[in-house]
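Below: one structure, written as structure tokens.
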Amino acid sequence: GPCMAQVFTDNSPSKENPIVAKPMSRPNSSSRKIVPILNPPPSSEQGGEGSQAQTLNGSDSKQSLDTSQNETPDQSEAPSAATSVSPSPATFPRPLPGAPSTPLTPTTMKRVAGFDSAMLRAHFQGDDLSLDLPMMEPPLTAYKQPRGGVVVETKIGNIQFGMPPETIKDCLANGLMVPQYFVVPTVAFVRELGPNIGMNVAEFEFPAYCNFFFYRRRVTLIVASKEIERRIRKVFQETLFGPENVDVTQDFVEGTPKENMPDMQRELNFFRVFPPGSGKLMQLGDLLEFIVFDEDGVAEIEKTNEDGTSDLVQLQWRVPSGQTEGEYVIIQDGMNGGIVPDGVSLPKEPFNVPSAIHDNAVFEPPLFGVTVLGSSHGFDPTGRTSGYVLWLNKRGYMIDPPPQSTALLLANNIPPSLITGVIVTHCHADHDAGTFQKILQEGRITLMTTQTIHDSFLRKYAALSGLDPNLLRKSYQFRPVKIGESIKMRGGVFKFFYSLHAIPCVGFEVFLGDKSMVFSADHMNDPEKIKALHADGHLNDWRKDQLLNFPWHRDIILHEAGIPPIHTPMEYLASLDDDVKSRLYIVHVGSNSFKPEFKLKPAPVGVENTLTLEVEKSENAAALEVLDLVTGIDLFSTLTIEHAREILQTAQIVKYKAGECVIKKGDEGHSMMIIASGKAEVRIKMLARDERLNDERMNDKKGNYSPRLIPGLGKSSSFSSVGRNSSALSQMSIAEAVNSDSEDEEEAAAMIQTEAIAEDMEDAGKGGRKDLNDKIDELEKSGTHIQTTVKTFTTGDYFGEQALVAPDCIRSADIYARTDMVCYQFQRQDFNWLLHGTNVIAKIERMIMARQDAVWELIGMNSLLRLLTPTQKTQLEQRCMPRYYAEGEYVWEEGGPATVACLIDSGIFKFVKKPQKGGRRRAPSVFRHLGPPPPPVFNPGCFVGEIDAFLEDKKLQTTLCAKEGGQVMLISKDDLLEFFTNAPGVLLAMLHTQFVLEESKNKPRKTRKSIGLRKIVKDKEDMGKDGKAMAECLAT
């Protein structure tokens, strides 16, 4: 946050160098050459994490970064707003302490789609200024930022396109001055499914703080419209000054006297005074200036130099013909300096996430403790931003999750299923950015904070995302905490309190058994300063006493530090007695702040350094664990508290040693298992050549494979042969081939063959065809079975659920304990008694039918749904019901209610205009999707459904008709909305859409379940001889 507010007390941003927008002068030239600023990302992954200097045609820059000095720039080095910043890298300020001494190596980026391009294309109707410009020689120089975004050197200084979280760390680590000019992407956050979903790529808080407090100048944001400017101002109001009209009475236990509450508005106003002692409240205009693209899609940035001259750079926003994503053309000195895509390039893998611990490592959550995911602050170029997991009875609460927190958990071998809630302390970007991401990822999280902080969080991210606050609010469960109340959760007791900070912020104490810990959150804990604030009337008597009586006697103390006045000075913490310091762990501060004489220690980072307190296991700990596991499974989400007794009575604990067989292929199945701790793996035996060829001959004689039916269900119409051939060879990944519930060994075996040959190809590389063929010959001639692991289960995963409804279920795969493992086992007869009268059995039966209809494979054919997690795919396939439509039959009609969506399974479907009675036709519908218009027809793999009509109970705008007879998988409105409730990120990705097309790379499926290795290679020879490319093709 604005922790440097008191460092520069006599230099507010100068207004001698205004940024103005002038009427555009249009240079004339016959040249129409357009130079791309950055070449498309290379297909092969590259290592490293640093900025890559390039000229705008993609060639490497010969200029090197001067990062040999690691001193902090003093106040005299910080440029004023009137200073002309040279674009030469050699003149940039030296990096902050802890920055690497040399530039890091390039990284491979991922393109983020510009969903709003169609809207902006309609908004900007003017001429394209860039078409008549000559090409600049040499082109401007650009830097790919490791975390995402592009920095371009221009005559007015650096301009950055896109602002992912912690973007200023990239500049500080590589000796680049943090830019003054930032182009806000038209899409402020990532809506694409994957590890980056929900990431804010317009994180302008820390760039603004850095420019204001370090460089003493305002940051200039270039935005697409006045509406975006309004939304950014709203965001900054919440993050810099707090709520406009703050009233924390709602956050205290009912009946609390007002004199026993802080005067929050008075406290916030104290931190807002700048310069100190001036009595003037800091305004947004002191930190921000805006330039809005005009009606022609042009923004002009003019900078006045000290000698009275001025420099001008223009940006032209446009959507090239035949494309759906926008781009910016940079115009300097009347020439085309290059092109930057509107979409923000992000790393393919989460940035600054440690390599995963050994795969066999198992994290056993403590009964009481805390894992520190990061302990530094937003200005530290090398440290990981603060974030924590508090453990209570082996389940975790994330505290201020940092960006990419899910990837951090997985890297530390912490299954996300162990996380039961998120605590948000306040709304600065280095504390809440990961929370918004967490909301949109798998599962519906529980958010805990005060009502005041929650409302601020909701206003901030509704403004940032442009989403309706009510829709955003439905994507998580909110549990308000009260100050002065003992809140009981998972056998522990929480006591929250308001800390002393620039915006409303809560810390807390937590107790379990006879142990306790305290988390200060961001807090100015300096007794002398607190007493002075009381003397000046900013704090009442109760507030002074509450702040001075910090609970230093707790067993673990996590306390922040930083630069006053909104953080606690390290000097005060160093003055505490040795007994307190033995239990004290410092967070939110860089490693360079720890001086030997302080005798203070940073909080240790990583799961291996989890801080634990030894407490006795409660009497109901085992029962709590069983209920946690069962209620965490979507199949059993509808079970009520009335079922708790039977669940506890029927659960049988079983233990396995590493390497021990849990389930044997061919055995009769009688039970389902849920893993409480440890890991298991599914092992598949690949058929030897003779057996495989015999199976193929048998399949050829029998024709297409007929799926197994559920015993007792009969020949349901669900298995009509009109559907896509369910015996087809799936082209999904190994993890998908044998998902968390699937036990189809034969199909998984085919996947293993494909995967194995893909790995061989990758090893072979160019010129390795002969060696590869030798390997294939050796494998095919082998008469032995090869056992391969195709799936790993961990805590919270379950398997064997089909045995609950199929009396003669035969296990079709081997499952072994990879590590020592503890499971809870449920026998069929016990569970049938328990589930009688519920919809759980029906869910399992629907899931089995979906497996037989190969719905999992169908989901994998869709360009968006293929990105669902295995759990989400399982939840979606449970909700799919097959239905055949003859040629000319309507699936739904325009003007009717929205009752179903569908996945096209076979045949061809299209949108049509249905003639009205009397020969009259309705006016054409307006397709409210973002991107290209609907295709002429919808093929297998397409998802079709009017999402907005489901959400808003509006009438349908389309008529979907079968052009050729075929089968679809129908999903009812209620089922789809229930699915979205548990997968809010999927809803966000599909919002405002009427269809999602099939994955273009999909090809017709093979008709046999197992095919020879030689044939796989032969079929792919036309894809090129490069081993890695072929491997990637086969792996997908």
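Each chain in the structure tokens gets a letter, A, B and so on, in the order shown; residues start at 1 in every chain, and ligands are counted from 1 in the order they appear.
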Env of Val506 of chain A: 9 Å cut, atoms = only C-alpha atoms, seq-sep filter 5 positions within chain, self excluded. Answer as a PyMOL selection string.
chain A and resi 424-426+449-450+453+496-500+520-523
Go ahead and save the picked residues with C-alpha atoms, as a JSON list (two decimals), in the first residue's frame.
```
[["chain", "number", "residue", "atom", "x", "y", "z"],
["A", 424, "VAL", "CA", -9.62, -11.32, 3.83],
["A", 425, "THR", "CA", -8.00, -8.76, 6.13],
["A", 426, "HIS", "CA", -8.31, -5.68, 3.87],
["A", 449, "THR", "CA", -14.29, -10.84, 7.07],
["A", 450, "THR", "CA", -16.29, -7.94, 8.52],
["A", 453, "ILE", "CA", -14.46, -4.95, 4.42],
["A", 496, "PHE", "CA", -11.25, -10.57, 15.47],
["A", 497, "PHE", "CA", -10.12, -6.96, 16.01],
["A", 498, "TYR", "CA", -9.61, -3.87, 13.88],
["A", 499, "SER", "CA", -5.94, -3.04, 13.40],
["A", 500, "LEU", "CA", -4.60, 0.49, 12.81],
["A", 520, "SER", "CA", -1.64, -8.71, 13.41],
["A", 521, "ALA", "CA", -2.56, -8.12, 9.75],
["A", 522, "ASP", "CA", -1.29, -4.76, 8.41],
["A", 523, "HIS", "CA", -0.95, -2.69, 11.56]]
```
I'd like the neighbourhood of segment 597-611 of chain A as a PyMOL selection string, where a residue qualifies if any of its atoms comes within 6 Å (using only C-alpha atoms), though same-chain residues fewer than 6 positions away should be ignored.
chain A and resi 369-374+412+574+585-587
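Separating atom CA of Val292 of chain A from atom CA of Lys144 of chain A is a distance of 24.6 Å.
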Counting only C-alpha atoms, closest pick from A:Leu547, A:Met821, A:Leu648, A:Leu858 relative to His534 of chain A is A:Leu547
Nearest to Gly326 of chain A among A:Gln441, A:Gln546, A:Thr186, A:Thr959, with distances taken over only C-alpha atoms: which residue is it?
A:Thr186
Can you pull out the residues contacting Arg879 of chain A? Cut-off 8 Å, using only C-alpha atoms, and skip same-chain residues under 3 positions away; I want them as a ChimeraX atom specification.
/A:846-847,875-876,971-972,975-976
